[in-house]
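Undergrad: I'd like to ask you about the structure that follows.
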Amino acid sequence: MKKIESSIIMSTFNHEKSLPLAIKSILNQNYENFEFLILNDNSTDRTKKILDNFKKKDPRIKVFNNSENLGLTKSLNVLIKESKGDFIFRQDSDDISLPNRLTKQVRLLRHPNNHACVTRAVNSFTLKKIPNISYYFPYKLVMHLKNPFVHGTLGIKKEVLYDVGLYDETFYYAQDYNLYKKLIMSKYRIIKVREIHYILNMENNISSNFKEEQDEYASIVKSRNKNIELK
């Protein structure tokens, strides 16, 4: 049996409308050597039924169910611990990955000196590029001002994730911003793909629905970014 190279992880909560398209965007990737781990974070809509139906059709899908709502941070750590791949990729349940995303990022992660990689996205409603101008500046500089990357586009070596302690579960929000800070402080190399490989939903998502909470946790990361060298 061929070893699984990559694990795509997705935590979902009450996203029955967007979930099918998000799942299909991963199943339709040009790259195929992956497992797709999806965790139902105690949803109250039709999420469980949708996941069970997809699982029957594609053996790469593995479904997990939380008996209580744990939130994104803890759920992602659960999935990482269940994963078998050397590379971990994020996918949000209300976003879409374009067909060549994994092929592009896997090639980069196979290089021994690359530890993580991200791509640009496009806003599904405004069609604006995300990040926009800030993507052309050094990410160590941008880190002092805001989160420089789109979490859903993250690809990272699993051994690197474990080395920095996975996601910090004290961060209920802005867990990705804090993870990037830990990667930079540990001298890991993050590669930025300039092309768009992801369609990002910016309405009715965590960032828009819990903006104050996101800002509060992000401010903690910013205060800790003072020790990041700009070299």
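Chain labels A, B, ... are given in the sequence in which chains occur in the structure tokens; within each chain residues are numbered consecutively from 1, and ligands are likewise numbered from 1 in the order shown.
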Please, which residues of chain A, numbered as in this document, come out helix (DSSP H, G or I) from DSSP, as a PyMOL selection string?

TA: chain A and resi 19-27+47-57+72-82+101-109+133-136+139-142+151-153+158-163+175-185+206-209+211-227

Undergrad: Taking only C-alpha atoms into account, produce a table as JSON lines in which each residue of stretch 60-157 of chain A with an atom at most 8 Å from an atom of stretch 180-196 of chain A appears once, together with its shortest atom pair and the distance in Å to one decimal, ordered by chain and rising number.

TA:
{"residue": "A:Leu108", "atom": "CA", "partner": "A:Ile191", "partner_atom": "CA", "distance": 7.9}
{"residue": "A:Asn113", "atom": "CA", "partner": "A:Arg189", "partner_atom": "CA", "distance": 7.3}
{"residue": "A:Asn114", "atom": "CA", "partner": "A:Arg189", "partner_atom": "CA", "distance": 5.6}
{"residue": "A:His115", "atom": "CA", "partner": "A:Arg189", "partner_atom": "CA", "distance": 5.3}
{"residue": "A:Ala116", "atom": "CA", "partner": "A:Ile190", "partner_atom": "CA", "distance": 4.7}
{"residue": "A:Cys117", "atom": "CA", "partner": "A:Ile191", "partner_atom": "CA", "distance": 4.4}
{"residue": "A:Val118", "atom": "CA", "partner": "A:Lys192", "partner_atom": "CA", "distance": 5.2}
{"residue": "A:Thr119", "atom": "CA", "partner": "A:Val193", "partner_atom": "CA", "distance": 4.6}
{"residue": "A:Arg120", "atom": "CA", "partner": "A:Ile196", "partner_atom": "CA", "distance": 4.6}
{"residue": "A:Ala121", "atom": "CA", "partner": "A:Ile196", "partner_atom": "CA", "distance": 5.0}
{"residue": "A:Val122", "atom": "CA", "partner": "A:Ile196", "partner_atom": "CA", "distance": 6.7}
{"residue": "A:Lys129", "atom": "CA", "partner": "A:Ile196", "partner_atom": "CA", "distance": 7.8}
{"residue": "A:Lys140", "atom": "CA", "partner": "A:Ile184", "partner_atom": "CA", "distance": 7.6}
{"residue": "A:Met143", "atom": "CA", "partner": "A:Lys181", "partner_atom": "CA", "distance": 7.6}

Undergrad: When you look at A:Lys2 with a cut-off of 12 Å (counting only C-alpha atoms), what residues show up, excluding the ones that are within fewer than 6 positions of it in the same chain? I need them as number ranges by chain.

TA: A: 32-35, 84-85

Undergrad: Enumerate, in order of chain and increasing residue number, the residues of stretch 66-117 of chain A with an atom no farther than 6 Å from stretch 37-60 of chain A, each with its shortest atom pair and distance in Å to one decimal, counting only C-alpha atoms, as a tab-separated table.

TA:
residue	atom	partner	partner_atom	distance
A:Asn66	CA	A:Asp41	CA	5.1
A:Ser67	CA	A:Asn42	CA	5.9
A:Glu68	CA	A:Asn42	CA	5.4
A:Asn69	CA	A:Asp41	CA	5.2

Undergrad: So how many Å separate atom CA of A:Ile133 and atom CA of A:Asp176, to one decimal?

TA: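 Between these atoms lies a distance of 20.3 Å.
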
Undergrad: Using only C-alpha atoms, which residues of stretch 111-178 of chain A come within 9 Å of stretch 94-104 of chain A, and what is the closest atom pair for each, with the distance in Å to one decimal? Give it as a Markdown table, sorted by chain and residue number.

TA:
| residue | atom | partner | partner_atom | distance |
| --- | --- | --- | --- | --- |
| A:Thr119 | CA | A:Arg101 | CA | 8.3 |
| A:Ser124 | CA | A:Asp95 | CA | 8.6 |
| A:Gly152 | CA | A:Asp95 | CA | 7.8 |
| A:Thr153 | CA | A:Ser97 | CA | 8.1 |
| A:Gly155 | CA | A:Leu102 | CA | 8.6 |

Undergrad: Which residues come within 12 Å of A:Glu82, counting only C-alpha atoms, excluding same-chain residues fewer than 5 positions away, as a short mmCIF file (atom, residue, chain, number, x, y, z; two decimals) with C-alpha atoms, in the first residue's frame?

TA:
data_model
loop_
_atom_site.label_atom_id
_atom_site.label_comp_id
_atom_site.auth_asym_id
_atom_site.auth_seq_id
_atom_site.Cartn_x
_atom_site.Cartn_y
_atom_site.Cartn_z
CA SER A 7 -3.31 15.01 5.21
CA ILE A 8 -5.93 17.69 4.61
CA ILE A 9 -7.68 18.72 7.81
CA GLU A 35 -6.27 11.57 3.16
CA PHE A 36 -9.04 14.03 3.98
CA LEU A 37 -9.80 14.28 7.71
CA ILE A 38 -13.01 16.14 8.54
CA LEU A 39 -14.22 16.80 12.06
CA LYS A 62 -12.24 10.08 7.31
CA VAL A 63 -14.97 11.58 9.47
CA PHE A 64 -14.73 12.40 13.17
CA SER A 75 -10.44 20.42 16.75
CA LEU A 76 -7.46 21.06 14.47
CA ASN A 77 -5.09 19.54 17.02
CA ILE A 88 -0.61 18.89 6.74
CA LYS A 158 3.89 17.72 10.37
#

Undergrad: Write out as a list of chain:residue names each polymer residue whose atoms come within 9 Å of A:Leu161, counting only C-alpha atoms; drop sequence neighbours fewer than 4 positions from it.

TA: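 Selected residues are A:Ile80, A:Ile88, A:Ile156, A:Lys157, A:Gly165, A:Leu166, A:Tyr167, A:Leu179, A:Leu183.
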
Undergrad: Next, the residues of the selection above should be written as a compact mmCIF listing (two decimals), in the first residue's frame with C-alpha atoms.

TA:
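What ended up in selection23.txt:
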# COMPACT_ATOMS: atom_id res chain seq x y z
CA ILE A 80 -3.33 16.56 13.36
CA ILE A 88 -0.61 18.89 6.74
CA ILE A 156 3.14 22.61 6.64
CA LYS A 157 5.39 19.69 7.50
CA GLY A 165 3.76 22.49 19.97
CA LEU A 166 0.86 22.34 17.47
CA TYR A 167 -1.81 25.04 17.79
CA LEU A 179 1.19 29.70 14.97
CA LEU A 183 7.21 29.33 13.28

Undergrad: How many Å lie between atom CA of A:Leu154 and atom CA of A:Ser83, rounded to one decimal?

TA: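 Separation between atom CA of A:Leu154 and atom CA of A:Ser83: 15.6 Å.
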
Undergrad: If you run DSSP on the backbone, which residues of stretch 126-192 of chain A are strand (DSSP E or B), as a list in words?

TA: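 Strand (DSSP E or B) members of stretch 126-192 of chain A, listed: Lys129, Ile130, Gly155, Ile156, Lys157, Ile190, Ile191 and Lys192 of chain A.
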
Undergrad: Please produce an output containing N, CA and C atoms for each residue in the selection, written as a compact mmCIF listing (two decimals), in the first residue's frame.

TA:
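Result file is result.txt:
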# COMPACT_ATOMS: atom_id res chain seq x y z
N LYS A 129 -7.91 40.35 -4.32
CA LYS A 129 -6.87 39.44 -3.88
C LYS A 129 -6.61 39.61 -2.38
N ILE A 130 -6.38 38.48 -1.71
CA ILE A 130 -6.09 38.49 -0.27
C ILE A 130 -4.90 37.57 -0.01
N GLY A 155 0.00 25.05 4.19
CA GLY A 155 0.55 23.71 4.08
C GLY A 155 1.81 23.68 4.93
N ILE A 156 2.03 22.62 5.70
CA ILE A 156 3.14 22.61 6.64
C ILE A 156 3.60 21.18 6.91
N LYS A 157 4.87 21.01 7.14
CA LYS A 157 5.39 19.69 7.50
C LYS A 157 4.93 19.34 8.92
N ILE A 190 8.85 29.97 5.77
CA ILE A 190 7.50 29.96 5.20
C ILE A 190 7.59 30.50 3.77
N ILE A 191 7.14 29.72 2.81
CA ILE A 191 7.18 30.12 1.41
C ILE A 191 5.84 30.71 1.00
N LYS A 192 5.90 31.87 0.34
CA LYS A 192 4.68 32.52 -0.15
C LYS A 192 4.50 32.25 -1.64

Undergrad: Atom CA of A:Pro131 and atom CA of A:His197 are how many Å apart?

TA: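 Pair atom CA of A:Pro131 / atom CA of A:His197 returns 12.3 Å.
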
Undergrad: Using only C-alpha atoms, which residues sit within 8 Å of A:Phe171 once same-chain residues fewer than 6 positions away are excluded, as a list in words?

TA: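 Surrounding residues, per the criterion: Thr73, Asn178 and Tyr217 of chain A.
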
Undergrad: In terms of the shortest atom-to-atom distance over only C-alpha atoms, which of A:Glu212, A:Glu203, A:Asp92, A:Asp163 is closest to A:Ser11?

TA: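 When distances to A:Ser11 are compared using only C-alpha atoms, the smallest one comes from A:Asp92.
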
Undergrad: Name the closest residue to A:Val150 among the candidates A:Thr126, A:Thr170, A:Asn201, A:Asn28; distances are taken between atoms, counting only C-alpha atoms.

TA: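 That would be A:Asn201, the residue with the smallest distance to A:Val150.
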
Undergrad: Set the distance at 12 Å and use only C-alpha atoms: which residues neighbour A:Val142 once local chain neighbours fewer than 3 positions away are removed? I'd like the list as a PDB file with C-alpha atoms, in the first residue's frame.

TA:
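And here's selection_20.pdb as it stands now:
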ATOM      1  CA  PRO A 131      -3.549  39.452   0.939  1.00  0.00           C
ATOM      2  CA  ASN A 132      -3.200  42.342  -1.455  1.00  0.00           C
ATOM      3  CA  ILE A 133      -0.362  44.894  -1.265  1.00  0.00           C
ATOM      4  CA  SER A 134       0.975  43.528   2.028  1.00  0.00           C
ATOM      5  CA  TYR A 135       1.851  40.233   0.318  1.00  0.00           C
ATOM      6  CA  TYR A 136       4.742  41.974  -1.441  1.00  0.00           C
ATOM      7  CA  PHE A 137       6.374  43.013   1.847  1.00  0.00           C
ATOM      8  CA  PRO A 138       8.493  40.721   4.040  1.00  0.00           C
ATOM      9  CA  TYR A 139       6.137  38.708   6.213  1.00  0.00           C
ATOM     10  CA  LEU A 145       0.888  44.890  12.015  1.00  0.00           C
ATOM     11  CA  LYS A 146      -1.488  42.047  11.203  1.00  0.00           C
ATOM     12  CA  ASN A 147      -1.836  38.384  10.307  1.00  0.00           C
ATOM     13  CA  PRO A 148       0.092  38.129   7.004  1.00  0.00           C
ATOM     14  CA  PHE A 149      -1.446  34.906   5.641  1.00  0.00           C
ATOM     15  CA  TYR A 177      -1.568  34.201  13.682  1.00  0.00           C
ATOM     16  CA  TYR A 180       2.958  31.850  12.370  1.00  0.00           C
ATOM     17  CA  LYS A 181       4.630  33.757  15.182  1.00  0.00           C
ATOM     18  CA  LYS A 222       1.207  41.506  18.263  1.00  0.00           C
ATOM     19  CA  ASN A 225       5.950  39.945  17.981  1.00  0.00           C
ATOM     20  CA  ILE A 228      10.828  38.938  15.912  1.00  0.00           C
ATOM     21  CA  GLU A 229      13.957  39.997  14.055  1.00  0.00           C
ATOM     22  CA  LEU A 230      13.342  41.674  10.698  1.00  0.00           C
TER      23      LEU A 230
END
